[in-house]
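A.B. asks: Quick one: structure below, then a few questions.
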Amino acid sequence: MKSSRIQSFIAGALVANVAPHLATAVTGRRHLTPLAGRDSGPAVNAVWAGLNLAAGVALLRRARRAGDAPADPRWNADLVAFETGALALAAWMAGTERFFPVNSTRD
């Protein structure tokens with residue numbers, strides 16, 4: 001189903017967004033989040049990473065239930081959509097940090 005692929009794509013982007021925020025939280029640095037803006041400290045980044053992970057997992061579970069063959073253990077097109085979402089977010093993050101560095105210049 002098309003909707004399961006869209007959900008998988010969004011889930012991939014959300015799960016990929018966990019890594020930078022979790023790394024920022026662990027290292028005690030600041031990183032932009034929608035929760036507190038540019039001054040988002042480690043605790044806010046940990047919360048944001050957790051919210052992204054929870055939302056991504058919830059969407060994955062929903063996409064699996066809405067898929068073409070829910071009993072089929074293989075991912076098929078949903079896995080491709082998930083990976084494409086993760087890759088799209090990573091490319092977007094790399095591009096925006098390259099041309100509009102809002103995170104790399106702040107501690």
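Order determines the names: the first chain of the structure tokens is A, the second B, and so forth; residues in each chain are numbered 1 upward, and ligands are numbered 1 upward as they are shown.
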Skipping near chain neighbours, those fewer than 3 positions away, what residues fall within 12 Å of Leu51 of chain A using only C-alpha atoms, listed as a ChimeraX atom specification?

C.D. replies: /A:11,14-15,17-18,21-22,33-35,44-48,54-58

A.B. asks: Please produce an output containing C-alpha atoms for each residue in the selection, written as a PDB file, in the first residue's frame.

C.D. replies:
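Output contents, as saved in out08.pdb:
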ATOM      1  CA  ALA A  11       9.656   6.866  10.137  1.00  0.00           C
ATOM      2  CA  LEU A  14      12.476  10.448  12.339  1.00  0.00           C
ATOM      3  CA  VAL A  15      14.735   7.579  13.360  1.00  0.00           C
ATOM      4  CA  ASN A  17      17.091  12.365  13.401  1.00  0.00           C
ATOM      5  CA  VAL A  18      17.705  10.551  16.694  1.00  0.00           C
ATOM      6  CA  HIS A  21      20.379  14.781  19.038  1.00  0.00           C
ATOM      7  CA  LEU A  22      21.380  11.780  21.108  1.00  0.00           C
ATOM      8  CA  THR A  33      15.603  21.639  18.412  1.00  0.00           C
ATOM      9  CA  PRO A  34      12.027  22.794  17.892  1.00  0.00           C
ATOM     10  CA  LEU A  35      11.496  22.490  21.645  1.00  0.00           C
ATOM     11  CA  VAL A  44      16.258  18.970  25.700  1.00  0.00           C
ATOM     12  CA  ASN A  45      18.172  17.102  22.987  1.00  0.00           C
ATOM     13  CA  ALA A  46      17.734  13.829  24.865  1.00  0.00           C
ATOM     14  CA  VAL A  47      13.981  14.459  25.085  1.00  0.00           C
ATOM     15  CA  TRP A  48      13.821  15.391  21.387  1.00  0.00           C
ATOM     16  CA  ALA A  54       9.053   6.906  19.761  1.00  0.00           C
ATOM     17  CA  ALA A  55       7.274   8.520  16.806  1.00  0.00           C
ATOM     18  CA  GLY A  56       9.423   6.624  14.291  1.00  0.00           C
ATOM     19  CA  VAL A  57       8.792   3.277  15.943  1.00  0.00           C
ATOM     20  CA  ALA A  58       5.059   4.000  16.205  1.00  0.00           C
TER      21      ALA A  58
END

A.B. asks: Which polymer residues have any atom within 7 Å of an atom of Phe82 of chain A, counting only C-alpha atoms, with same-chain residues fewer than 3 positions away left out, as a list in words?

C.D. replies: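 Surrounding residues, per the criterion: Ser8, Phe9, Ala11, Gly12, Asp78, Leu79, Gly85 and Ala86 of chain A.
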
A.B. asks: Write a file of the selected residues as an mmCIF file, in the first residue's frame, keeping all heavy atoms.

C.D. replies:
data_model
loop_
_atom_site.group_PDB
_atom_site.id
_atom_site.type_symbol
_atom_site.label_atom_id
_atom_site.label_comp_id
_atom_site.auth_asym_id
_atom_site.auth_seq_id
_atom_site.Cartn_x
_atom_site.Cartn_y
_atom_site.Cartn_z
ATOM 1 N N SER A 8 6.532 4.658 6.318
ATOM 2 C CA SER A 8 7.884 4.125 6.466
ATOM 3 C C SER A 8 8.936 5.176 6.130
ATOM 4 O O SER A 8 9.969 5.277 6.796
ATOM 5 C CB SER A 8 8.080 2.891 5.582
ATOM 6 O OG SER A 8 7.261 1.840 6.021
ATOM 7 N N PHE A 9 8.689 5.978 5.103
ATOM 8 C CA PHE A 9 9.604 7.064 4.727
ATOM 9 C C PHE A 9 9.742 8.069 5.875
ATOM 10 O O PHE A 9 10.848 8.434 6.275
ATOM 11 C CB PHE A 9 9.092 7.766 3.463
ATOM 12 C CG PHE A 9 9.934 8.930 3.038
ATOM 13 C CD1 PHE A 9 11.015 8.738 2.194
ATOM 14 C CD2 PHE A 9 9.649 10.210 3.465
ATOM 15 C CE1 PHE A 9 11.805 9.808 1.794
ATOM 16 C CE2 PHE A 9 10.433 11.287 3.083
ATOM 17 C CZ PHE A 9 11.513 11.085 2.233
ATOM 18 N N ALA A 11 9.020 7.567 9.015
ATOM 19 C CA ALA A 11 9.656 6.866 10.137
ATOM 20 C C ALA A 11 11.174 6.837 9.966
ATOM 21 O O ALA A 11 11.915 7.033 10.938
ATOM 22 C CB ALA A 11 9.106 5.453 10.266
ATOM 23 N N GLY A 12 11.641 6.611 8.757
ATOM 24 C CA GLY A 12 13.083 6.612 8.496
ATOM 25 C C GLY A 12 13.715 7.956 8.800
ATOM 26 O O GLY A 12 14.786 8.043 9.400
ATOM 27 N N ASP A 78 8.551 -1.352 1.903
ATOM 28 C CA ASP A 78 8.560 -0.516 3.098
ATOM 29 C C ASP A 78 9.978 -0.281 3.612
ATOM 30 O O ASP A 78 10.297 0.792 4.107
ATOM 31 C CB ASP A 78 7.708 -1.131 4.208
ATOM 32 C CG ASP A 78 6.221 -0.994 3.941
ATOM 33 O OD1 ASP A 78 5.847 -0.065 3.189
ATOM 34 O OD2 ASP A 78 5.450 -1.804 4.458
ATOM 35 N N LEU A 79 10.841 -1.270 3.495
ATOM 36 C CA LEU A 79 12.229 -1.101 3.923
ATOM 37 C C LEU A 79 12.934 -0.081 3.031
ATOM 38 O O LEU A 79 13.675 0.771 3.513
ATOM 39 C CB LEU A 79 12.980 -2.427 3.908
ATOM 40 C CG LEU A 79 14.458 -2.343 4.311
ATOM 41 C CD1 LEU A 79 14.605 -1.776 5.711
ATOM 42 C CD2 LEU A 79 15.098 -3.709 4.226
ATOM 43 N N GLY A 85 13.892 7.529 3.460
ATOM 44 C CA GLY A 85 13.601 8.610 4.408
ATOM 45 C C GLY A 85 14.809 8.967 5.252
ATOM 46 O O GLY A 85 15.112 10.138 5.467
ATOM 47 N N ALA A 86 15.532 7.945 5.720
ATOM 48 C CA ALA A 86 16.740 8.188 6.514
ATOM 49 C C ALA A 86 17.804 8.892 5.673
ATOM 50 O O ALA A 86 18.439 9.852 6.132
ATOM 51 C CB ALA A 86 17.275 6.873 7.069
#

A.B. asks: Using DSSP assignments from the backbone, pull out every residue in chain A that falls under helix (DSSP H, G or I) and give it to me as JSON, numbers by chain.

C.D. replies: {"A": [2, 3, 4, 5, 6, 7, 8, 9, 10, 11, 12, 13, 14, 15, 16, 18, 19, 20, 21, 22, 23, 24, 25, 26, 27, 42, 43, 44, 45, 46, 47, 48, 49, 50, 51, 52, 53, 54, 55, 56, 57, 58, 59, 60, 61, 62, 63, 64, 65, 66, 77, 78, 79, 80, 81, 82, 83, 84, 85, 86, 87, 88, 89, 90, 91, 92, 93, 94, 95, 96, 97, 98, 99]}

A.B. asks: Compare A:Ala16, A:Ala94, A:Asp39, A:Arg5 by their minimum atom-to-atom distance to Leu53 of chain A, counting only C-alpha atoms, and give me the closest one.

C.D. replies: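 Of A:Ala16, A:Ala94, A:Asp39, A:Arg5, the one nearest Leu53 of chain A is A:Ala16, counting only C-alpha atoms.
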